[in-house]
file data11.pdb (PDB, C-alpha atoms)
ATOM      1  CA  MET A   1      16.599 -17.567  20.906
ATOM      2  CA  LEU A   2      17.956 -15.464  23.685
ATOM      3  CA  ARG A   3      15.744 -12.623  24.731
ATOM      4  CA  TYR A   4      17.053  -9.187  23.930
ATOM      5  CA  VAL A   5      15.835  -5.729  24.808
ATOM      6  CA  LEU A   6      17.342  -2.317  24.189
ATOM      7  CA  THR A   7      16.146   0.691  26.149
ATOM      8  CA  ALA A   8      16.723   4.392  25.509
ATOM      9  CA  ALA A   9      17.063   7.031  28.200
ATOM     10  CA  LEU A  10      13.775   8.492  29.358
ATOM     11  CA  ALA A  11      13.123  12.226  29.238
ATOM     12  CA  LEU A  12       9.372  12.453  29.110
ATOM     13  CA  SER A  13       6.940  15.322  29.388
ATOM     14  CA  ALA A  14       3.148  15.496  29.216
ATOM     15  CA  GLY A  15       1.647  13.610  26.263
ATOM     16  CA  SER A  16      -1.587  12.134  25.074
ATOM     17  CA  ALA A  17      -4.000  10.368  27.390
ATOM     18  CA  PHE A  18      -4.571   6.627  27.319
ATOM     19  CA  ALA A  19      -6.662   5.484  24.359
ATOM     20  CA  ASN A  20      -7.631   2.277  22.596
ATOM     21  CA  ASP A  21      -7.153   3.550  19.031
ATOM     22  CA  SER A  22      -5.220   0.872  17.191
ATOM     23  CA  VAL A  23      -4.382  -0.178  13.640
ATOM     24  CA  ALA A  24      -3.072  -3.627  12.670
ATOM     25  CA  GLU A  25       0.261  -4.332  11.040
ATOM     26  CA  LEU A  26       0.618  -6.640   8.016
ATOM     27  CA  GLY A  27       3.369  -9.256   8.219
ATOM     28  CA  THR A  28       5.608  -9.045   5.142
ATOM     29  CA  GLY A  29       8.753 -10.976   4.290
ATOM     30  CA  GLY A  30      11.355 -11.522   1.596
ATOM     31  CA  LEU A  31      11.834 -13.395  -1.662
ATOM     32  CA  ILE A  32      10.854 -16.964  -2.529
ATOM     33  CA  LEU A  33      12.568 -19.028  -5.248
ATOM     34  CA  SER A  34      10.881 -21.723  -7.321
ATOM     35  CA  ARG A  35      14.133 -23.713  -7.644
ATOM     36  CA  SER A  36      15.730 -24.538  -4.300
ATOM     37  CA  ASP A  37      18.220 -27.344  -4.924
ATOM     38  CA  ALA A  38      20.763 -25.444  -7.011
ATOM     39  CA  VAL A  39      20.750 -21.850  -5.779
ATOM     40  CA  ALA A  40      22.162 -21.035  -2.348
ATOM     41  CA  MET A  41      21.822 -17.809  -0.415
ATOM     42  CA  GLN A  42      25.322 -16.611   0.287
ATOM     43  CA  SER A  43      24.184 -13.640   2.335
ATOM     44  CA  GLU A  44      21.207 -11.560   3.384
ATOM     45  CA  ASP A  45      21.485  -8.023   4.727
ATOM     46  CA  LEU A  46      18.130  -7.008   6.219
ATOM     47  CA  PHE A  47      17.333  -3.477   7.426
ATOM     48  CA  ILE A  48      14.040  -2.748   9.201
ATOM     49  CA  SER A  49      12.669   0.600  10.350
ATOM     50  CA  SER A  50       9.243   2.180  10.538
ATOM     51  CA  GLY A  51       9.920   4.044   7.299
ATOM     52  CA  LYS A  52      11.458   1.365   5.105
ATOM     53  CA  VAL A  53      12.588  -2.222   4.775
ATOM     54  CA  THR A  54      15.562  -3.002   2.553
ATOM     55  CA  VAL A  55      16.977  -6.439   1.803
ATOM     56  CA  ASP A  56      20.200  -7.146  -0.074
ATOM     57  CA  TYR A  57      20.778 -10.755  -1.148
ATOM     58  CA  VAL A  58      23.675 -12.575  -2.753
ATOM     59  CA  PHE A  59      22.543 -15.793  -4.439
ATOM     60  CA  HIS A  60      25.008 -18.361  -5.805
ATOM     61  CA  ASN A  61      24.398 -21.075  -8.345
ATOM     62  CA  ASN A  62      26.354 -24.070  -7.096
ATOM     63  CA  THR A  63      26.016 -26.067 -10.333
ATOM     64  CA  ASP A  64      27.853 -26.099 -13.673
ATOM     65  CA  LYS A  65      24.706 -25.138 -15.593
ATOM     66  CA  ASP A  66      22.684 -21.958 -15.729
ATOM     67  CA  VAL A  67      19.499 -22.166 -13.684
ATOM     68  CA  ASP A  68      16.269 -20.456 -14.694
ATOM     69  CA  ALA A  69      13.894 -19.835 -11.816
ATOM     70  CA  ILE A  70      10.875 -17.807 -10.847
ATOM     71  CA  VAL A  71      11.500 -15.365  -8.012
ATOM     72  CA  ALA A  72       8.450 -14.144  -6.115
ATOM     73  CA  PHE A  73       7.675 -11.511  -3.518
ATOM     74  CA  PRO A  74       4.353 -12.339  -1.818
ATOM     75  CA  MET A  75       2.551  -9.228  -0.621
ATOM     76  CA  PRO A  76       0.469  -9.620   2.537
ATOM     77  CA  ASP A  77      -3.168 -10.528   2.004
ATOM     78  CA  ILE A  78      -5.553  -7.671   2.691
ATOM     79  CA  SER A  79      -9.287  -7.871   3.339
ATOM     80  CA  GLY A  80     -11.773  -5.105   2.666
ATOM     81  CA  ASN A  81     -13.379  -5.259   6.089
ATOM     82  CA  PRO A  82     -14.296  -1.663   7.001
ATOM     83  CA  GLU A  83     -14.117  -2.595  10.690
ATOM     84  CA  GLU A  84     -10.502  -3.821  10.469
ATOM     85  CA  ILE A  85      -8.542  -1.531   8.190
ATOM     86  CA  PRO A  86      -4.810  -2.400   8.380
ATOM     87  CA  ALA A  87      -1.892  -0.003   8.119
ATOM     88  CA  ILE A  88      -1.272   0.497   4.395
ATOM     89  CA  PRO A  89       1.541   2.841   3.268
ATOM     90  CA  GLU A  90       0.222   3.482  -0.276
ATOM     91  CA  ASN A  91      -3.531   3.388   0.224
ATOM     92  CA  GLN A  92      -4.614   4.117  -3.371
ATOM     93  CA  SER A  93      -2.308   1.745  -5.247
ATOM     94  CA  ASP A  94      -2.119  -1.941  -6.152
ATOM     95  CA  ASN A  95       1.532  -1.625  -5.124
ATOM     96  CA  PHE A  96       0.407  -0.693  -1.630
ATOM     97  CA  LEU A  97       3.861  -1.258  -0.113
ATOM     98  CA  GLY A  98       5.792   0.646  -2.781
ATOM     99  CA  PHE A  99       7.795  -2.483  -3.703
ATOM    100  CA  GLU A 100      10.937  -2.023  -5.846
ATOM    101  CA  VAL A 101      13.630  -4.510  -6.891
ATOM    102  CA  THR A 102      17.016  -4.461  -8.643
ATOM    103  CA  ILE A 103      19.054  -7.361 -10.039
ATOM    104  CA  ASP A 104      22.806  -6.810 -10.206
ATOM    105  CA  GLY A 105      22.130  -3.096  -9.851
ATOM    106  CA  VAL A 106      19.573  -2.866 -12.661
ATOM    107  CA  ALA A 107      15.959  -2.001 -11.870
ATOM    108  CA  ALA A 108      13.628  -4.884 -12.619
ATOM    109  CA  LYS A 109       9.994  -4.705 -13.716
ATOM    110  CA  PRO A 110       8.252  -7.586 -11.984
ATOM    111  CA  GLN A 111       4.791  -8.761 -12.956
ATOM    112  CA  LEU A 112       1.932  -8.407 -10.501
ATOM    113  CA  GLU A 113      -0.310 -11.449 -10.026
ATOM    114  CA  GLN A 114      -3.553 -10.720  -8.163
ATOM    115  CA  LYS A 115      -6.474 -12.849  -7.062
ATOM    116  CA  VAL A 116      -9.696 -11.836  -5.357
ATOM    117  CA  LEU A 117     -11.309 -14.256  -2.917
ATOM    118  CA  ALA A 118     -14.658 -14.246  -1.148
ATOM    119  CA  LEU A 119     -15.293 -17.033   1.358
ATOM    120  CA  GLY A 120     -12.244 -18.743  -0.125
ATOM    121  CA  ILE A 121     -13.725 -18.727  -3.656
ATOM    122  CA  ASP A 122     -11.938 -17.006  -6.530
ATOM    123  CA  VAL A 123     -14.172 -14.195  -7.811
ATOM    124  CA  SER A 124     -11.501 -12.315  -9.766
ATOM    125  CA  ALA A 125     -13.178 -12.861 -13.133
ATOM    126  CA  GLU A 126     -16.474 -11.456 -11.893
ATOM    127  CA  LEU A 127     -14.906  -8.240 -10.590
ATOM    128  CA  LYS A 128     -12.992  -7.872 -13.838
ATOM    129  CA  ALA A 129     -16.175  -8.376 -15.875
ATOM    130  CA  GLN A 130     -17.823  -5.509 -13.948
ATOM    131  CA  ASN A 131     -14.713  -3.272 -14.247
ATOM    132  CA  VAL A 132     -14.267  -3.211 -10.472
ATOM    133  CA  PRO A 133     -10.626  -2.681  -9.393
ATOM    134  CA  PHE A 134      -9.244  -5.416  -7.151
ATOM    135  CA  TYR A 135      -7.647  -3.151  -4.530
ATOM    136  CA  PRO A 136     -10.342  -2.977  -1.814
ATOM    137  CA  PHE A 137      -9.402   0.270  -0.070
ATOM    138  CA  GLY A 138      -9.045   2.481  -3.124
ATOM    139  CA  ASP A 139     -11.514   5.177  -4.095
ATOM    140  CA  ALA A 140     -11.738   3.636  -7.586
ATOM    141  CA  ALA A 141     -13.208   0.380  -6.242
ATOM    142  CA  LYS A 142     -15.864   2.178  -4.216
ATOM    143  CA  ALA A 143     -16.787   4.357  -7.182
ATOM    144  CA  ALA A 144     -17.138   1.275  -9.399
ATOM    145  CA  LEU A 145     -19.373  -0.465  -6.842
ATOM    146  CA  ALA A 146     -21.697   2.543  -6.825
ATOM    147  CA  LYS A 147     -22.354   1.993 -10.542
ATOM    148  CA  LEU A 148     -23.223  -1.726 -10.348
ATOM    149  CA  PRO A 149     -26.688  -2.921 -11.374
ATOM    150  CA  GLN A 150     -28.884  -3.773  -8.407
ATOM    151  CA  ALA A 151     -29.054  -7.446  -9.423
ATOM    152  CA  VAL A 152     -25.252  -7.711  -9.234
ATOM    153  CA  ILE A 153     -25.189  -5.874  -5.905
ATOM    154  CA  ASP A 154     -27.766  -8.243  -4.411
ATOM    155  CA  ASP A 155     -25.845 -11.289  -5.661
ATOM    156  CA  TRP A 156     -22.505 -10.002  -4.358
ATOM    157  CA  VAL A 157     -23.953  -9.147  -0.948
ATOM    158  CA  ASN A 158     -25.399 -12.650  -0.641
ATOM    159  CA  ARG A 159     -22.047 -14.198  -1.548
ATOM    160  CA  GLY A 160     -19.979 -12.105   0.860
ATOM    161  CA  ILE A 161     -18.126 -10.175  -1.851
ATOM    162  CA  ILE A 162     -19.420  -6.798  -0.664
ATOM    163  CA  ILE A 163     -21.396  -5.559   2.324
ATOM    164  CA  GLU A 164     -23.875  -2.803   2.974
ATOM    165  CA  ASP A 165     -22.690   0.212   4.916
ATOM    166  CA  THR A 166     -24.468   3.320   6.082
ATOM    167  CA  GLY A 167     -23.820   6.510   4.168
ATOM    168  CA  SER A 168     -21.516   9.281   5.269
ATOM    169  CA  ASP A 169     -24.442  10.827   7.146
ATOM    170  CA  GLY A 170     -24.979   7.548   9.054
ATOM    171  CA  THR A 171     -28.416   6.898   7.555
ATOM    172  CA  GLU A 172     -29.791   3.835   5.796
ATOM    173  CA  ALA A 173     -31.329   6.080   3.144
ATOM    174  CA  ASN A 174     -27.868   6.916   1.812
ATOM    175  CA  LYS A 175     -26.274   3.512   2.351
ATOM    176  CA  VAL A 176     -23.327   2.454   0.230
ATOM    177  CA  TYR A 177     -21.666  -0.838  -0.645
ATOM    178  CA  THR A 178     -18.084  -1.517   0.322
ATOM    179  CA  PRO A 179     -15.609  -4.297  -0.547
ATOM    180  CA  PHE A 180     -15.490  -7.305   1.742
ATOM    181  CA  TRP A 181     -13.317  -9.480  -0.469
ATOM    182  CA  GLN A 182      -9.740 -10.580   0.176
ATOM    183  CA  LEU A 183      -6.944  -9.510  -2.146
ATOM    184  CA  ARG A 184      -3.936 -11.773  -2.679
ATOM    185  CA  SER A 185      -1.026 -10.152  -4.525
ATOM    186  CA  THR A 186       2.387 -11.453  -5.606
ATOM    187  CA  TYR A 187       5.144  -9.746  -7.549
ATOM    188  CA  TRP A 188       7.219 -12.196  -9.595
ATOM    189  CA  TRP A 189       9.804 -12.364 -12.339
ATOM    190  CA  ARG A 190      11.921 -14.903 -14.183
ATOM    191  CA  SER A 191      15.604 -14.831 -13.361
ATOM    192  CA  THR A 192      18.661 -16.653 -14.628
ATOM    193  CA  PHE A 193      21.363 -17.687 -12.179
ATOM    194  CA  PRO A 194      24.583 -18.252 -14.190
ATOM    195  CA  ALA A 195      26.618 -21.366 -13.446
ATOM    196  CA  ASN A 196      28.976 -20.988 -10.485
ATOM    197  CA  LYS A 197      28.318 -17.253 -10.194
ATOM    198  CA  ASP A 198      26.770 -14.798  -7.743
ATOM    199  CA  VAL A 199      23.633 -12.783  -8.421
ATOM    200  CA  HIS A 200      22.928  -9.674  -6.342
ATOM    201  CA  VAL A 201      19.257  -8.954  -5.719
ATOM    202  CA  SER A 202      18.033  -5.967  -3.690
ATOM    203  CA  HIS A 203      14.503  -4.968  -2.880
ATOM    204  CA  ARG A 204      12.828  -2.374  -0.725
ATOM    205  CA  TYR A 205       9.349  -1.442   0.395
ATOM    206  CA  LYS A 206       7.476   0.563   2.995
ATOM    207  CA  PRO A 207       6.426  -1.645   5.906
ATOM    208  CA  SER A 208       2.914  -1.879   7.244
ATOM    209  CA  VAL A 209       3.401  -0.416  10.718
ATOM    210  CA  GLY A 210       0.729  -1.254  13.256
ATOM    211  CA  GLY A 211       0.137   1.262  15.985
ATOM    212  CA  THR A 212      -1.689   2.179  19.153
ATOM    213  CA  SER A 213      -1.962   5.712  20.508
ATOM    214  CA  SER A 214      -0.947   4.549  23.987
ATOM    215  CA  VAL A 215       0.742   1.590  25.657
ATOM    216  CA  SER A 216      -1.752  -1.257  25.376
ATOM    217  CA  PHE A 217      -0.051  -3.544  27.896
ATOM    218  CA  PHE A 218       0.346  -1.171  30.876
ATOM    219  CA  TYR A 219      -2.394   0.945  32.460
ATOM    220  CA  ASP A 220      -3.986   1.559  35.860
ATOM    221  CA  GLY A 221      -0.557   1.099  37.396
ATOM    222  CA  LYS A 222       0.156  -2.460  36.224
ATOM    223  CA  PHE A 223       1.002  -4.690  33.289
ATOM    224  CA  GLN A 224      -2.174  -6.137  31.783
ATOM    225  CA  GLY A 225      -4.125  -6.203  28.540
ATOM    226  CA  GLN A 226      -1.724  -7.394  25.816
ATOM    227  CA  TYR A 227       1.100  -7.970  28.294
ATOM    228  CA  ALA A 228       1.368 -11.788  28.158
ATOM    229  CA  THR A 229       1.256 -11.836  24.378
ATOM    230  CA  TYR A 230       3.715  -8.962  24.026
ATOM    231  CA  LYS A 231       6.196 -10.429  26.505
ATOM    232  CA  THR A 232       6.526 -13.560  24.388
ATOM    233  CA  ARG A 233       6.266 -11.960  20.964
ATOM    234  CA  TYR A 234       8.696  -9.091  21.590
ATOM    235  CA  CYS A 235      10.852 -10.653  24.322
ATOM    236  CA  MET A 236      10.260  -7.825  26.798
ATOM    237  CA  ASP A 237      12.575  -8.190  29.809
ATOM    238  CA  ASP A 238      12.967  -6.472  33.181
ATOM    239  CA  THR A 239      14.967  -3.565  31.764
ATOM    240  CA  PHE A 240      12.292  -2.728  29.232
ATOM    241  CA  GLU A 241       9.465  -3.151  31.734
ATOM    242  CA  ASN A 242      11.214  -0.977  34.324
ATOM    243  CA  ALA A 243      11.517   1.759  31.706
ATOM    244  CA  VAL A 244       7.764   1.551  31.079
ATOM    245  CA  ARG A 245       7.068   1.713  34.831
ATOM    246  CA  LYS A 246       9.268   4.794  35.170
ATOM    247  CA  ALA A 247       7.512   6.444  32.252
ATOM    248  CA  ALA A 248       4.160   5.829  33.928
ATOM    249  CA  LYS A 249       5.426   7.252  37.194
ATOM    250  CA  ASP A 250       6.727  10.363  35.448
ATOM    251  CA  GLY A 251       3.589  10.812  33.354
ATOM    252  CA  PRO A 252       1.077  13.472  34.423
ATOM    253  CA  ASP A 253      -1.822  10.995  34.454
ATOM    254  CA  GLY A 254      -0.023   7.854  35.616
ATOM    255  CA  TYR A 255       0.241   6.379  32.116
ATOM    256  CA  PRO A 256       3.484   5.877  30.152
ATOM    257  CA  GLN A 257       3.559   8.661  27.583
ATOM    258  CA  TYR A 258       4.294   6.537  24.517
ATOM    259  CA  ASN A 259       2.714   5.487  21.249
ATOM    260  CA  GLU A 260       3.204   1.909  20.073
ATOM    261  CA  SER A 261       4.565   0.982  16.663
ATOM    262  CA  ARG A 262       4.661  -2.677  15.621
ATOM    263  CA  ILE A 263       6.498  -4.223  12.668
ATOM    264  CA  ALA A 264       6.201  -7.864  11.597
ATOM    265  CA  TYR A 265       8.737  -9.401   9.181
ATOM    266  CA  VAL A 266       8.043 -12.921   7.893
ATOM    267  CA  LEU A 267      11.452 -14.585   7.774
ATOM    268  CA  THR A 268      10.519 -18.276   8.019
ATOM    269  CA  THR A 269       9.067 -18.568   4.495
ATOM    270  CA  GLY A 270      12.414 -17.623   3.003
ATOM    271  CA  GLY A 271      14.267 -20.890   3.675
ATOM    272  CA  ASN A 272      13.583 -22.423   0.252
ATOM    273  CA  TRP A 273      17.071 -22.497  -1.236
ATOM    274  CA  ALA A 274      19.953 -24.954  -1.331
ATOM    275  CA  THR A 275      20.916 -26.042   2.235
ATOM    276  CA  GLY A 276      17.991 -24.040   3.647
ATOM    277  CA  THR A 277      20.353 -21.737   5.542
ATOM    278  CA  ILE A 278      21.731 -18.253   4.933
ATOM    279  CA  GLY A 279      25.514 -18.210   4.687
ATOM    280  CA  LYS A 280      25.885 -14.785   6.292
ATOM    281  CA  PHE A 281      22.852 -13.114   7.854
ATOM    282  CA  LYS A 282      22.759  -9.539   9.104
ATOM    283  CA  LEU A 283      19.785  -7.798  10.698
ATOM    284  CA  THR A 284      19.735  -4.072  11.437
ATOM    285  CA  VAL A 285      16.838  -2.559  13.378
ATOM    286  CA  ASP A 286      16.475   1.216  13.456
ATOM    287  CA  LYS A 287      14.096   2.561  16.112
ATOM    288  CA  GLY A 288      14.190   6.049  14.536
ATOM    289  CA  ASN A 289      14.123   8.180  17.695
ATOM    290  CA  PRO A 290      17.003   8.015  20.201
ATOM    291  CA  ARG A 291      14.452   8.502  22.997
ATOM    292  CA  ALA A 292      12.270   5.622  21.857
ATOM    293  CA  LEU A 293      12.204   2.181  23.473
ATOM    294  CA  VAL A 294      12.560  -0.908  21.303
ATOM    295  CA  SER A 295      12.158  -4.595  22.055
ATOM    296  CA  PHE A 296      12.630  -7.636  19.825
ATOM    297  CA  CYS A 297      13.994 -11.180  20.007
ATOM    298  CA  GLY A 298      17.490 -11.956  18.764
ATOM    299  CA  ASP A 299      20.892 -13.461  19.527
ATOM    300  CA  ASN A 300      24.056 -11.438  20.163
ATOM    301  CA  VAL A 301      22.476  -8.098  19.286
ATOM    302  CA  LYS A 302      24.784  -5.080  19.479
ATOM    303  CA  LYS A 303      24.068  -1.367  19.521
ATOM    304  CA  THR A 304      25.736   0.255  16.504
ATOM    305  CA  GLY A 305      24.438   3.828  16.730
ATOM    306  CA  PRO A 306      22.043   6.127  18.592
ATOM    307  CA  THR A 307      19.052   4.362  17.015
ATOM    308  CA  THR A 308      20.439   1.225  15.334
ATOM    309  CA  PHE A 309      21.006  -2.311  16.588
ATOM    310  CA  GLU A 310      22.622  -5.183  14.741
ATOM    311  CA  MET A 311      22.513  -8.963  14.827
ATOM    312  CA  THR A 312      24.758 -11.201  12.707
ATOM    313  CA  ALA A 313      24.952 -14.954  12.248
ATOM    314  CA  ASN A 314      26.629 -17.519  10.014
ATOM    315  CA  ASP A 315      24.810 -20.486   8.465
ATOM    316  CA  PHE A 316      21.633 -18.946   9.788
ATOM    317  CA  TYR A 317      18.409 -20.943   9.666
ATOM    318  CA  PRO A 318      15.279 -18.723   9.685
ATOM    319  CA  GLU A 319      13.417 -20.547  12.414
ATOM    320  CA  HIS A 320      11.378 -17.601  13.723
ATOM    321  CA  ASP A 321       9.792 -14.508  12.245
ATOM    322  CA  ILE A 322      10.904 -11.064  13.406
ATOM    323  CA  ASP A 323       8.529  -8.937  15.486
ATOM    324  CA  ILE A 324       9.594  -5.471  16.610
ATOM    325  CA  LEU A 325       7.923  -3.228  19.181
ATOM    326  CA  ILE A 326       8.843   0.466  19.243
ATOM    327  CA  LEU A 327       7.541   2.889  21.870
ATOM    328  CA  ASP A 328       7.818   6.499  20.686
ATOM    329  CA  PRO A 329       7.510   9.387  23.173
ATOM    330  CA  THR A 330       4.189  11.116  22.552
ATOM    331  CA  ASP A 331       5.666  14.583  23.067
ATOM    332  CA  ASP A 332       7.756  14.047  19.920
ATOM    333  CA  ASN A 333       4.735  13.353  17.701
TER     334      ASN A 333
END
call {"tool": "encode", "arguments": {"input": "data11.pdb", "output": "structure tokens"}}
result
Amino acid sequence: MLRYVLTAALALSAGSAFANDSVAELGTGGLILSRSDAVAMQSEDLFISSGKVTVDYVFHNNTDKDVDAIVAFPMPDISGNPEEIPAIPENQSDNFLGFEVTIDGVAAKPQLEQKVLALGIDVSAELKAQNVPFYPFGDAAKAALAKLPQAVIDDWVNRGIIIEDTGSDGTEANKVYTPFWQLRSTYWWRSTFPANKDVHVSHRYKPSVGGTSSVSFFYDGKFQGQYATYKTRYCMDDTFENAVRKAAKDGPDGYPQYNESRIAYVLTTGGNWATGTIGKFKLTVDKGNPRALVSFCGDNVKKTGPTTFEMTANDFYPEHDIDILILDPTDDN
């Protein structure tokens, strides 16, 4: 793919100092079909911003018979490691991305399939037997762990299901036990694709937006740190980098006065339909703030508004995932 970067005008004032505070983003994608030889994707209209992701599909059954298929939306796996808490929009819910779906304009009620793993072993039945909720970051799970018999706690610690943690006062005397398991969640539903007809499917969710309260790839007057990785992943070019240099020069402490936001969209897993390509593909990226900088990889991207950028393609094959880097001025936060 050609490298593409879009840069907003800079009008910076004093902001926050350089820091290493960072939270990880969770890569999330689109729908997967169980039947791929009969149903083609006529079009996909994908909108990505820090606040929401919306996807509008048109599927077409190319055969003379109705096709029944399972349609699934895999949620990103999350692990209850207290040292690596990811960005989670709905942090007390099994539906932690706020996923919603409609079929031909009618709201659907998909089923939620969940599995709990520890060291790759399915321990879902054991958590269920002890009335421990599967969602690892919820208050309900921690409250349930506090009520477990000591024999169960000892067994689960030994098996890597939970770990010991110091209490809120930092002492061993008041230690608690926190989830260490991995949660795998998938929304799914059965759908009928009528013979030789289109089916319109739309879904939306809140993305997991990773962030850093500074620019992690430029400090002490030069590009370093995450620079090599970012340059490849987000296709940063000279225009983008010059804007970062200027921001550092204008900053009161020599650092670019920006916060990082990172969004990862898994596009490559979606190519499981007839022909494996998308008839008409449209991507819209909204950086939110006209003064923000945004960088991502794409072909023939055009600016369509103060904050929006659009890429279109015909017979599109999803060869690469979509990674978006947004730098927001700190004086706007």
call {"tool": "resolve_selection", "arguments": {"input": "data11.pdb", "expression": "the PyMOL selection byres ((chain A and resi 296) around 6)", "output": "JSON list (two decimals) with C-alpha atoms, in the coordinates of the input"}}
result
[["chain", "number", "residue", "atom", "x", "y", "z"],
["A", 234, "TYR", "CA", 8.70, -9.09, 21.59],
["A", 235, "CYS", "CA", 10.85, -10.65, 24.32],
["A", 295, "SER", "CA", 12.16, -4.60, 22.06],
["A", 297, "CYS", "CA", 13.99, -11.18, 20.01],
["A", 324, "ILE", "CA", 9.59, -5.47, 16.61]]
call {"tool": "residues_around", "arguments": {"input": "data11.pdb", "residues": "A:Leu325", "least_positions_apart": "5", "cutoff": "12 Å", "atoms": "only C-alpha atoms", "output": "PDB file with C-alpha atoms, in the frame of the given file"}}
result
ATOM      1  CA  TYR A   4      17.053  -9.187  23.930  1.00  0.00           C
ATOM      2  CA  VAL A   5      15.835  -5.729  24.808  1.00  0.00           C
ATOM      3  CA  LEU A   6      17.342  -2.317  24.189  1.00  0.00           C
ATOM      4  CA  THR A   7      16.146   0.691  26.149  1.00  0.00           C
ATOM      5  CA  GLU A  25       0.261  -4.332  11.040  1.00  0.00           C
ATOM      6  CA  ILE A  48      14.040  -2.748   9.201  1.00  0.00           C
ATOM      7  CA  SER A  49      12.669   0.600  10.350  1.00  0.00           C
ATOM      8  CA  SER A  50       9.243   2.180  10.538  1.00  0.00           C
ATOM      9  CA  VAL A 209       3.401  -0.416  10.718  1.00  0.00           C
ATOM     10  CA  GLY A 210       0.729  -1.254  13.256  1.00  0.00           C
ATOM     11  CA  GLY A 211       0.137   1.262  15.985  1.00  0.00           C
ATOM     12  CA  THR A 212      -1.689   2.179  19.153  1.00  0.00           C
ATOM     13  CA  VAL A 215       0.742   1.590  25.657  1.00  0.00           C
ATOM     14  CA  SER A 216      -1.752  -1.257  25.376  1.00  0.00           C
ATOM     15  CA  PHE A 217      -0.051  -3.544  27.896  1.00  0.00           C
ATOM     16  CA  TYR A 230       3.715  -8.962  24.026  1.00  0.00           C
ATOM     17  CA  LYS A 231       6.196 -10.429  26.505  1.00  0.00           C
ATOM     18  CA  THR A 232       6.526 -13.560  24.388  1.00  0.00           C
ATOM     19  CA  ARG A 233       6.266 -11.960  20.964  1.00  0.00           C
ATOM     20  CA  TYR A 234       8.696  -9.091  21.590  1.00  0.00           C
ATOM     21  CA  CYS A 235      10.852 -10.653  24.322  1.00  0.00           C
ATOM     22  CA  MET A 236      10.260  -7.825  26.798  1.00  0.00           C
ATOM     23  CA  PHE A 240      12.292  -2.728  29.232  1.00  0.00           C
ATOM     24  CA  TYR A 258       4.294   6.537  24.517  1.00  0.00           C
ATOM     25  CA  ASN A 259       2.714   5.487  21.249  1.00  0.00           C
ATOM     26  CA  GLU A 260       3.204   1.909  20.073  1.00  0.00           C
ATOM     27  CA  SER A 261       4.565   0.982  16.663  1.00  0.00           C
ATOM     28  CA  ARG A 262       4.661  -2.677  15.621  1.00  0.00           C
ATOM     29  CA  ILE A 263       6.498  -4.223  12.668  1.00  0.00           C
ATOM     30  CA  ALA A 264       6.201  -7.864  11.597  1.00  0.00           C
ATOM     31  CA  TYR A 265       8.737  -9.401   9.181  1.00  0.00           C
ATOM     32  CA  VAL A 285      16.838  -2.559  13.378  1.00  0.00           C
ATOM     33  CA  ASP A 286      16.475   1.216  13.456  1.00  0.00           C
ATOM     34  CA  LYS A 287      14.096   2.561  16.112  1.00  0.00           C
ATOM     35  CA  ALA A 292      12.270   5.622  21.857  1.00  0.00           C
ATOM     36  CA  LEU A 293      12.204   2.181  23.473  1.00  0.00           C
ATOM     37  CA  VAL A 294      12.560  -0.908  21.303  1.00  0.00           C
ATOM     38  CA  SER A 295      12.158  -4.595  22.055  1.00  0.00           C
ATOM     39  CA  PHE A 296      12.630  -7.636  19.825  1.00  0.00           C
ATOM     40  CA  CYS A 297      13.994 -11.180  20.007  1.00  0.00           C
TER      41      CYS A 297
END
call {"tool": "resolve_selection", "arguments": {"input": "data11.pdb", "expression": "the PyMOL selection byres ((chain A and resi 118) around 9)", "output": "MDAnalysis selection string"}}
result
chainID A and resid 116:117 119:123 159:162 180:182
call {"tool": "closest_residue", "arguments": {"input": "data11.pdb", "among": "A:Phe73, A:Trp273, A:Phe47, A:Tyr177", "to": "A:Phe99", "atoms": "only C-alpha atoms"}}
result
A:Phe73
call {"tool": "resolve_selection", "arguments": {"input": "data11.pdb", "expression": "the PyMOL selection byres ((chain A and resi 266) around 9)", "output": "list of chain:residue names"}}
result
A:Gly27, A:Thr28, A:Gly29, A:Gly30, A:Ala264, A:Tyr265, A:Leu267, A:Thr268, A:Thr269, A:Gly270, A:His320, A:Asp321, A:Ile322, A:Asp323
call {"tool": "closest_residue", "arguments": {"input": "data11.pdb", "among": "A:Ser185, A:Gln114, A:Asn81, A:Asn300", "to": "A:Asp165", "atoms": "all atoms listed in the file"}}
result
A:Asn81
call {"tool": "closest_residue", "arguments": {"input": "data11.pdb", "among": "A:Ser124, A:Thr275, A:Thr102, A:Asn158", "to": "A:Asp37", "atoms": "all atoms listed in the file"}}
result
A:Thr275
call {"tool": "atom_distance", "arguments": {"input": "data11.pdb", "atom1": "atom CA of A:Lys142", "atom2": "atom CA of A:Ala24"}}
result
22.0 Å
